[in-house]
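The file entry-v3.cif comes next; it holds mmCIF, C-alpha atoms.
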```
data_my_file
loop_
_atom_site.label_atom_id
_atom_site.label_comp_id
_atom_site.auth_asym_id
_atom_site.auth_seq_id
_atom_site.Cartn_x
_atom_site.Cartn_y
_atom_site.Cartn_z
CA MET E 133 13.68 56.37 -18.77
CA THR E 134 13.39 53.16 -16.78
CA GLU E 135 15.73 52.59 -13.91
CA GLU E 136 17.14 49.14 -14.44
CA THR E 137 19.41 49.34 -11.45
CA SER E 138 16.75 49.38 -8.77
CA ASN E 139 13.96 46.89 -9.08
CA PRO E 140 11.76 47.14 -6.01
CA ILE E 141 9.37 44.40 -7.13
CA ARG E 142 12.12 41.87 -7.65
CA GLU E 143 13.71 42.84 -4.33
CA ALA E 144 10.35 42.45 -2.58
CA ILE E 145 9.89 38.99 -4.10
CA LYS E 146 13.39 37.94 -3.05
CA GLY E 147 12.68 39.26 0.43
CA ALA E 148 9.41 37.35 0.70
CA ILE E 149 11.11 34.11 -0.35
CA ALA E 150 13.97 34.66 2.08
CA ASP E 151 11.77 35.65 5.01
CA ASN E 152 9.12 32.94 4.77
CA PRO E 153 10.07 29.27 5.11
CA VAL E 154 6.91 28.29 3.23
CA MET E 155 6.05 30.86 0.57
CA LEU E 156 3.28 30.46 -1.97
CA PHE E 157 2.87 32.75 -4.96
CA MET E 158 -0.65 32.31 -6.26
CA LYS E 159 -3.52 33.85 -8.16
CA GLY E 160 -5.87 35.26 -5.57
CA THR E 161 -5.68 34.46 -1.88
CA PRO E 162 -5.99 31.17 0.03
CA ASP E 163 -9.54 32.21 0.99
CA HIS E 164 -10.43 33.48 -2.47
CA PRO E 165 -8.18 31.72 -4.99
CA GLY E 166 -8.39 33.05 -8.53
CA CYS E 167 -7.48 29.82 -10.27
CA GLY E 168 -8.02 26.12 -9.65
CA PHE E 169 -4.31 25.31 -9.61
CA SER E 170 -3.59 27.93 -6.98
CA ALA E 171 -6.60 26.75 -5.00
CA ARG E 172 -5.31 23.19 -4.98
CA VAL E 173 -1.86 24.04 -3.67
CA ALA E 174 -3.30 26.27 -0.94
CA ALA E 175 -5.75 23.51 0.01
CA ILE E 176 -2.94 20.95 0.20
CA LEU E 177 -0.92 23.14 2.58
CA GLU E 178 -4.00 23.75 4.69
CA SER E 179 -4.79 20.04 4.84
CA LEU E 180 -1.30 19.48 6.26
CA ASP E 181 -1.91 22.22 8.87
CA GLN E 182 1.11 23.93 7.41
CA PRO E 183 1.27 27.67 8.06
CA PHE E 184 2.40 29.50 4.94
CA ALA E 185 2.76 32.96 3.52
CA ALA E 186 0.92 33.74 0.32
CA VAL E 187 1.36 36.49 -2.25
CA ASP E 188 -1.36 37.28 -4.76
CA ILE E 189 0.33 37.94 -8.10
CA LEU E 190 -2.79 39.26 -9.82
CA PRO E 191 -2.85 42.91 -8.69
CA ASP E 192 0.25 43.85 -10.71
CA PRO E 193 1.43 41.97 -13.83
CA ARG E 194 5.01 42.91 -13.00
CA ILE E 195 4.94 40.58 -9.98
CA ARG E 196 4.47 37.58 -12.22
CA GLN E 197 7.06 38.81 -14.73
CA GLU E 198 9.68 39.33 -12.07
CA LEU E 199 8.85 36.12 -10.23
CA SER E 200 9.12 33.98 -13.36
CA ALA E 201 12.34 35.70 -14.37
CA LEU E 202 13.74 35.03 -10.93
CA SER E 203 12.60 31.43 -10.58
CA ASN E 204 12.91 30.37 -14.24
CA TRP E 205 9.43 28.89 -13.94
CA PRO E 206 6.68 30.07 -16.27
CA THR E 207 3.48 29.23 -14.43
CA ILE E 208 1.59 30.13 -11.26
CA PRO E 209 1.32 28.89 -8.51
CA GLN E 210 4.89 28.56 -7.31
CA LEU E 211 5.71 27.08 -3.93
CA PHE E 212 9.02 27.83 -2.22
CA ILE E 213 10.23 25.92 0.82
CA ASP E 214 13.27 27.29 2.66
CA GLY E 215 14.08 29.57 -0.25
CA GLU E 216 13.98 26.84 -2.91
CA LEU E 217 11.37 26.49 -5.63
CA VAL E 218 9.63 23.18 -5.03
CA GLY E 219 7.27 23.38 -7.96
CA GLY E 220 3.84 24.28 -9.20
CA CYS E 221 0.55 22.51 -8.84
CA ASP E 222 1.59 19.28 -10.59
CA ILE E 223 4.75 18.66 -8.60
CA VAL E 224 3.23 19.76 -5.29
CA SER E 225 0.24 17.44 -5.85
CA GLU E 226 2.53 14.54 -6.73
CA MET E 227 4.73 15.17 -3.69
CA TYR E 228 1.68 15.46 -1.46
CA GLN E 229 0.39 12.09 -2.59
CA SER E 230 3.76 10.39 -2.18
CA GLY E 231 4.39 11.92 1.26
CA GLU E 232 7.47 13.78 0.01
CA LEU E 233 5.81 17.12 0.63
CA ALA E 234 5.30 16.44 4.32
CA GLN E 235 8.96 15.41 4.47
CA ALA E 236 10.12 18.53 2.67
CA LEU E 237 8.08 20.61 5.10
CA GLY E 238 9.64 18.79 8.03
CA LEU E 239 6.29 17.45 9.17
CA GLU E 240 7.33 14.17 10.64
CA GLU E 241 5.23 11.27 9.56
CA THR E 242 4.54 8.94 12.44
CA PRO E 243 5.66 5.57 11.14
CA GLY E 244 3.88 2.73 12.83
CA GLU E 245 0.60 4.55 13.08
CA ALA E 246 -0.58 3.15 9.76
CA ALA E 247 1.32 -0.08 10.23
CA THR E 248 -0.84 -1.56 12.93
CA GLU E 249 -1.47 -5.27 13.06
CA PRO E 250 -3.83 -6.33 10.32
CA GLY E 251 -7.26 -7.03 11.73
CA ALA E 252 -9.01 -10.37 11.61
CA GLU E 253 -11.07 -9.28 8.64
CA ALA E 254 -7.91 -8.57 6.69
CA ALA E 255 -6.47 -11.95 7.56
CA GLN E 256 -9.50 -13.65 6.06
CA SER E 257 -9.34 -11.85 2.74
CA ALA E 258 -7.00 -12.85 -0.04
CA PRO E 259 -3.51 -11.33 0.28
CA LEU E 260 -3.81 -9.01 -2.68
CA THR E 261 -2.42 -5.89 -1.08
CA ILE E 262 -0.13 -4.10 -3.49
CA GLU E 263 2.43 -1.80 -2.01
CA ASN E 264 2.92 1.30 -4.10
CA ARG E 265 6.65 1.99 -4.01
CA LEU E 266 6.66 4.84 -6.53
CA MET T 251 -5.02 30.14 -33.59
CA ASN T 252 -5.35 27.83 -30.64
CA PRO T 253 -2.69 25.19 -30.19
CA THR T 254 -3.80 21.57 -30.49
CA PRO T 255 -2.79 18.58 -28.38
CA GLN T 256 -1.15 17.13 -31.50
CA GLU T 257 0.98 20.25 -31.95
CA LEU T 258 2.14 20.09 -28.34
CA LYS T 259 2.90 16.39 -28.61
CA ASP T 260 4.92 16.86 -31.80
CA ARG T 261 6.89 19.76 -30.39
CA ILE T 262 7.70 17.99 -27.12
CA GLU T 263 8.86 14.88 -28.98
CA ALA T 264 10.92 17.00 -31.39
CA GLY T 265 12.34 19.19 -28.64
CA ILE T 266 13.42 16.56 -26.12
CA PRO T 267 15.56 13.75 -27.54
CA GLY T 268 13.90 10.35 -27.26
CA ALA T 269 10.79 11.78 -25.62
CA ARG T 270 7.35 10.24 -25.90
CA ALA T 271 4.39 12.43 -25.06
CA ASP T 272 0.66 11.93 -24.60
CA VAL T 273 -1.14 15.22 -24.67
CA SER T 274 -4.80 15.97 -24.14
CA GLY T 275 -6.47 19.34 -23.93
CA ASP T 276 -9.12 21.76 -25.12
CA GLY T 277 -6.97 24.41 -26.81
CA ARG T 278 -6.30 26.35 -23.61
CA HIS T 279 -5.70 23.81 -20.89
CA PHE T 280 -3.45 20.87 -21.64
CA ASN T 281 -2.30 17.78 -19.88
CA ALA T 282 1.00 16.25 -20.97
CA VAL T 283 2.43 12.93 -19.85
CA VAL T 284 6.02 12.81 -21.00
CA SER T 285 8.70 10.18 -20.71
CA ALA T 286 12.27 10.76 -21.83
CA PRO T 287 15.76 9.44 -21.11
CA ALA T 288 16.82 13.04 -20.39
CA PHE T 289 14.73 12.96 -17.19
CA ARG T 290 16.95 10.34 -15.60
CA GLY T 291 18.86 11.54 -12.58
CA ILE T 292 17.47 15.08 -12.52
CA SER T 293 14.94 16.63 -10.14
CA LYS T 294 11.23 16.94 -10.89
CA ILE T 295 11.71 20.69 -11.19
CA ALA T 296 14.40 20.17 -13.82
CA GLN T 297 12.26 17.60 -15.66
CA HIS T 298 9.31 19.96 -15.87
CA ARG T 299 11.59 22.83 -16.93
CA LEU T 300 12.75 20.77 -19.91
CA VAL T 301 9.13 20.47 -21.03
CA TYR T 302 8.30 24.13 -20.37
CA ASP T 303 11.45 25.15 -22.27
CA VAL T 304 10.02 23.60 -25.45
CA PHE T 305 7.36 26.31 -25.46
CA GLY T 306 9.23 29.23 -23.92
CA THR T 307 7.13 32.34 -23.51
CA GLU T 308 4.07 30.72 -25.12
CA VAL T 309 3.22 29.19 -21.74
CA GLY T 310 0.79 31.65 -20.25
CA PRO T 311 -0.31 33.77 -23.21
CA ARG T 312 -0.87 31.13 -25.92
CA ILE T 313 -0.87 27.92 -23.91
CA HIS T 314 -2.94 29.05 -20.98
CA ALA T 315 -2.21 26.09 -18.74
CA LEU T 316 0.06 23.12 -19.23
CA SER T 317 -0.19 20.39 -16.65
CA ILE T 318 2.84 18.10 -16.77
CA GLN T 319 3.60 14.62 -15.57
CA THR T 320 7.11 13.38 -16.27
CA MET T 321 8.84 10.05 -15.95
CA PRO T 322 12.34 8.97 -16.87
CA SER T 323 12.58 6.31 -19.56
CA GLU T 324 15.33 3.90 -20.58
CA GLU T 325 17.91 5.05 -23.06
CA PRO T 326 16.50 4.49 -26.56
#
```
So, in terms of C-alpha coordinates, how does the structure I just supplied come out?
Amino acid sequence: MTEETSNPIREAIKGAIADNPVMLFMKGTPDHPGCGFSARVAAILESLDQPFAAVDILPDPRIRQELSALSNWPTIPQLFIDGELVGGCDIVSEMYQSGELAQALGLEETPGEAATEPGAEAAQSAPLTIENRL
Amino acid sequence: MNPTPQELKDRIEAGIPGARADVSGDGRHFNAVVSAPAFRGISKIAQHRLVYDVFGTEVGPRIHALSIQTMPSEEP
(Lines of atoms letter the chains of each structure in order from A and count residues from 1; the text may use other names and numbers.)
(Lines give C-alpha, C1' and ligand atoms only; values in the text may rest on other atoms or scores of the structure.)
Protein backbone atom coordinates (compact mmCIF):
# COMPACT_ATOMS: atom_id res chain seq x y z
CA MET A 1 0.00 0.00 0.00
CA THR A 2 2.95 2.33 -0.48
CA GLU A 3 2.64 5.17 -2.90
CA GLU A 4 5.71 4.97 -5.08
CA THR A 5 4.66 7.86 -7.24
CA SER A 6 4.94 10.59 -4.66
CA ASN A 7 8.04 10.62 -2.53
CA PRO A 8 7.97 13.71 -0.34
CA ILE A 9 11.30 12.96 1.34
CA ARG A 10 13.16 12.63 -1.93
CA GLU A 11 11.49 15.78 -3.25
CA ALA A 12 12.47 17.66 -0.08
CA ILE A 13 16.08 16.53 -0.45
CA LYS A 14 16.16 17.58 -4.10
CA GLY A 15 14.67 20.92 -3.11
CA ALA A 16 17.25 21.48 -0.38
CA ILE A 17 20.10 20.73 -2.79
CA ALA A 18 18.63 23.00 -5.45
CA ASP A 19 17.87 25.88 -3.09
CA ASN A 20 21.14 26.00 -1.15
CA PRO A 21 24.42 26.70 -2.94
CA VAL A 22 26.31 25.02 -0.09
CA MET A 23 24.32 22.14 1.35
CA LEU A 24 25.64 19.72 3.96
CA PHE A 25 23.84 16.52 4.91
CA MET A 26 25.23 15.38 8.23
CA LYS A 27 24.63 13.41 11.39
CA GLY A 28 23.52 15.91 14.00
CA THR A 29 23.85 19.65 13.61
CA PRO A 30 26.90 21.90 13.13
CA ASP A 31 26.61 22.85 16.82
CA HIS A 32 25.97 19.30 17.99
CA PRO A 33 27.42 16.92 15.41
CA GLY A 34 26.57 13.26 15.93
CA CYS A 35 29.67 11.85 14.29
CA GLY A 36 33.31 12.87 13.94
CA PHE A 37 33.22 12.89 10.15
CA SER A 38 30.23 15.21 10.05
CA ALA A 39 31.86 17.39 12.70
CA ARG A 40 34.99 17.74 10.61
CA VAL A 41 33.22 18.86 7.45
CA ALA A 42 31.11 21.38 9.37
CA ALA A 43 34.24 22.69 11.10
CA ILE A 44 36.04 23.07 7.76
CA LEU A 45 33.19 25.14 6.30
CA GLU A 46 33.09 27.26 9.44
CA SER A 47 36.84 27.83 9.33
CA LEU A 48 36.41 29.20 5.81
CA ASP A 49 33.63 31.52 7.04
CA GLN A 50 31.42 29.81 4.51
CA PRO A 51 27.70 30.05 5.23
CA PHE A 52 26.01 26.73 4.57
CA ALA A 53 22.74 24.94 5.04
CA ALA A 54 22.76 21.72 7.02
CA VAL A 55 20.29 18.87 7.24
CA ASP A 56 20.43 16.37 10.08
CA ILE A 57 19.76 12.93 8.61
CA LEU A 58 19.40 11.16 11.95
CA PRO A 59 15.77 11.91 12.87
CA ASP A 60 14.35 9.71 10.08
CA PRO A 61 16.24 6.78 8.50
CA ARG A 62 14.40 7.40 5.24
CA ILE A 63 16.33 10.65 4.75
CA ARG A 64 19.59 8.75 4.50
CA GLN A 65 18.07 6.05 2.29
CA GLU A 66 16.67 8.57 -0.15
CA LEU A 67 19.76 10.76 -0.10
CA SER A 68 22.11 7.87 -0.85
CA ALA A 69 19.80 6.59 -3.58
CA LEU A 70 19.74 10.05 -5.11
CA SER A 71 23.46 10.81 -4.85
CA ASN A 72 24.80 7.27 -5.38
CA TRP A 73 27.01 7.82 -2.35
CA PRO A 74 26.77 5.45 0.61
CA THR A 75 28.13 7.47 3.51
CA ILE A 76 27.36 10.58 5.55
CA PRO A 77 28.32 13.45 5.52
CA GLN A 78 27.67 14.58 1.97
CA LEU A 79 28.54 18.06 0.81
CA PHE A 80 26.86 19.60 -2.24
CA ILE A 81 28.09 22.78 -3.87
CA ASP A 82 25.86 24.38 -6.51
CA GLY A 83 23.78 21.23 -6.76
CA GLU A 84 26.73 18.87 -7.29
CA LEU A 85 27.97 16.28 -4.83
CA VAL A 86 31.51 17.28 -3.92
CA GLY A 87 32.19 14.41 -1.56
CA GLY A 88 32.26 13.18 1.98
CA CYS A 89 34.70 13.81 4.76
CA ASP A 90 37.77 12.38 2.99
CA ILE A 91 37.41 14.34 -0.23
CA VAL A 92 36.35 17.55 1.50
CA SER A 93 39.35 17.32 3.86
CA GLU A 94 41.71 16.69 0.95
CA MET A 95 40.25 19.59 -1.04
CA TYR A 96 40.45 21.86 1.99
CA GLN A 97 44.12 21.13 2.45
CA SER A 98 44.94 21.62 -1.23
CA GLY A 99 42.94 24.86 -1.50
CA GLU A 100 40.55 23.34 -4.04
CA LEU A 101 37.64 23.64 -1.64
CA ALA A 102 38.02 27.40 -1.32
CA GLN A 103 38.15 27.56 -5.12
CA ALA A 104 35.05 25.40 -5.51
CA LEU A 105 33.26 27.66 -3.04
CA GLY A 106 34.33 30.72 -5.00
CA LEU A 107 36.28 32.08 -2.05
CA GLU A 108 39.05 33.87 -3.84
CA GLU A 109 42.46 33.16 -2.48
CA THR A 110 44.56 36.28 -2.37
CA PRO A 111 47.69 35.32 -4.25
CA GLY A 112 50.67 37.34 -3.19
CA GLU A 113 49.65 37.49 0.43
CA ALA A 114 51.64 34.38 1.25
CA ALA A 115 54.27 35.13 -1.35
CA THR A 116 55.91 38.03 0.39
CA GLU A 117 59.63 38.57 0.12
CA PRO A 118 61.50 36.02 2.17
CA GLY A 119 62.82 37.59 5.35
CA ALA A 120 66.47 37.87 6.26
CA GLU A 121 66.22 34.86 8.53
CA ALA A 122 65.01 32.77 5.62
CA ALA A 123 67.85 33.94 3.42
CA GLN A 124 70.36 32.72 5.97
CA SER A 125 68.94 29.22 6.26
CA ALA A 126 69.66 26.50 3.75
CA PRO A 127 67.35 26.56 0.72
CA LEU A 128 65.50 23.38 1.56
CA THR A 129 61.99 24.60 0.94
CA ILE A 130 59.98 21.96 -0.86
CA GLU A 131 57.00 23.11 -2.81
CA ASN A 132 54.12 20.69 -2.55
CA ARG A 133 52.57 20.60 -6.01
CA LEU A 134 50.09 17.79 -5.34
CA MET B 1 31.32 -11.43 12.03
CA ASN B 2 33.31 -8.25 11.81
CA PRO B 3 35.19 -7.60 8.60
CA THR B 4 38.98 -7.48 8.83
CA PRO B 5 41.40 -5.11 7.13
CA GLN B 6 42.77 -8.10 5.20
CA GLU B 7 39.30 -8.94 3.88
CA LEU B 8 38.80 -5.36 2.70
CA LYS B 9 42.22 -5.26 1.09
CA ASP B 10 41.64 -8.54 -0.75
CA ARG B 11 38.23 -7.50 -1.99
CA ILE B 12 39.39 -4.08 -3.20
CA GLU B 13 42.33 -5.64 -5.05
CA ALA B 14 40.06 -8.31 -6.55
CA GLY B 15 37.31 -5.85 -7.42
CA ILE B 16 39.33 -3.10 -9.10
CA PRO B 17 41.70 -4.27 -11.84
CA GLY B 18 45.34 -3.59 -11.03
CA ALA B 19 44.51 -2.03 -7.67
CA ARG B 20 46.83 -2.05 -4.69
CA ALA B 21 45.31 -1.35 -1.30
CA ASP B 22 46.61 -0.74 2.20
CA VAL B 23 43.86 -1.11 4.73
CA SER B 24 43.93 -0.55 8.47
CA GLY B 25 41.05 -0.65 10.88
CA ASP B 26 39.46 -2.02 14.02
CA GLY B 27 36.58 -4.04 12.56
CA ARG B 28 34.20 -1.08 12.37
CA HIS B 29 36.22 1.88 11.17
CA PHE B 30 38.61 1.37 8.30
CA ASN B 31 41.14 3.42 6.45
CA ALA B 32 41.97 2.40 2.89
CA VAL B 33 44.72 3.83 0.71
CA VAL B 34 44.12 2.59 -2.80
CA SER B 35 46.00 3.09 -6.03
CA ALA B 36 44.73 1.81 -9.36
CA PRO B 37 45.11 2.56 -13.07
CA ALA B 38 41.31 2.87 -13.25
CA PHE B 39 41.52 6.11 -11.25
CA ARG B 40 43.36 7.91 -14.02
CA GLY B 41 41.43 10.73 -15.60
CA ILE B 42 38.33 10.46 -13.42
CA SER B 43 37.16 12.73 -10.61
CA LYS B 44 37.80 12.06 -6.93
CA ILE B 45 34.11 11.35 -6.51
CA ALA B 46 34.26 8.72 -9.24
CA GLN B 47 37.45 7.22 -7.76
CA HIS B 48 35.88 6.85 -4.33
CA ARG B 49 32.69 5.43 -5.87
CA LEU B 50 34.73 2.64 -7.48
CA VAL B 51 36.00 1.67 -4.02
CA TYR B 52 32.58 1.96 -2.36
CA ASP B 53 31.06 -0.12 -5.17
CA VAL B 54 33.24 -3.08 -4.15
CA PHE B 55 31.25 -3.30 -0.92
CA GLY B 56 27.82 -2.13 -2.06
CA THR B 57 25.26 -1.99 0.72
CA GLU B 58 27.72 -3.33 3.32
CA VAL B 59 29.03 0.21 3.77
CA GLY B 60 27.06 1.51 6.71
CA PRO B 61 25.59 -1.63 8.29
CA ARG B 62 28.56 -4.03 8.21
CA ILE B 63 31.44 -1.70 7.45
CA HIS B 64 30.52 1.16 9.73
CA ALA B 65 32.97 3.67 8.31
CA LEU B 66 35.36 3.44 5.41
CA SER B 67 37.77 6.29 5.00
CA ILE B 68 39.29 6.33 1.52
CA GLN B 69 42.35 7.87 -0.05
CA THR B 70 42.80 7.21 -3.75
CA MET B 71 45.58 7.82 -6.21
CA PRO B 72 45.91 6.92 -9.86
CA SER B 73 48.71 4.52 -10.71
CA GLU B 74 50.51 3.69 -13.95
CA GLU B 75 49.07 1.03 -16.18
CA PRO B 76 50.32 -2.35 -14.94
I'd like to see the residues matched by the PyMOL selection byres ((chain T) within 10 of (chain E)) on this file, and ideally I'd get them as a list in words.
Ser293, Lys294, Ile295, Ala296, His298, Arg299, Tyr302, Asp303, Phe305, Gly306, Thr307, Glu308, Val309, Gly310, His314, Ala315, Leu316, Ser317, Ile318, Gln319 and Thr320 of chain T
Evaluating the PyMOL selection byres ((chain T and resi 269) around 8) on the displayed file yields which residues, as a PyMOL selection string?
chain T and resi 262-264+266-268+270-271+284-287
Given the file shown, determine the residues that the PyMOL selection byres ((chain E and resi 146) around 12) selects; report them as a PyMOL selection string.
chain E and resi 139-145+147-152+155+157+195+198-203+212+215-217
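Take the candidates E:Ser138, E:Gln229, E:Ser170, E:Gln182 and check each one against Pro153 of chain E using only C-alpha atoms; the shortest distance goes to E:Gln182.
Rounded to one decimal, atom CA of Asp214 of chain E and atom CA of Ala288 of chain T lie 27.3 Å from each other.
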E:Gly231, E:Pro162, E:Gly238, E:Pro191 ranked by distance to Ala175 of chain E, top pick (using all atoms listed in the file):
E:Pro162
When you draw a straight line from atom CA of Ile176 of chain E to atom CA of Val283 of chain T, how long is it in Å?
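A separation of 22.3 Å between them.
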Residues within 10 Å of (-6.2, 32.2, -7.6), counting all atoms listed in the file, listed as a ChimeraX atom specification
/E:157-172,174,188-190,208-209
Atom-to-atom span, atom CA of Leu211 of chain E and atom CA of Ala234 of chain E, Å
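Atom CA of Leu211 of chain E sits 13.5 Å away from atom CA of Ala234 of chain E.
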I'd like the contact shell of Arg312 of chain T - 8 Å cut-off, only C-alpha atoms, skipping same-chain residues fewer than 4 positions apart - returned as a list in words.
Asn252, Pro253, Arg278 and Glu308 of chain T
Go ahead and save the residues from that selection, with C-alpha atoms, as a PDB file, keeping the file's coordinate frame.
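In the end it all went to result.pdb:
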```
ATOM      1  CA  ASN T 252      -5.350  27.830 -30.640  1.00  0.00           C
ATOM      2  CA  PRO T 253      -2.690  25.190 -30.190  1.00  0.00           C
ATOM      3  CA  ARG T 278      -6.300  26.350 -23.610  1.00  0.00           C
ATOM      4  CA  GLU T 308       4.070  30.720 -25.120  1.00  0.00           C
TER       5      GLU T 308
END
```
Would you compute the box with edges along x, y and z of the file around segment 257-271 of chain T, including every atom the file lists for it and 3 Å extra on each side, and give its centre and edge lengths in Å to one decimal, as AutoDock Vina command-line options?
```
--center_x 8.3 --center_y 15.2 --center_z -28.5 --size_x 20.6 --size_y 16.0 --size_z 12.9
```
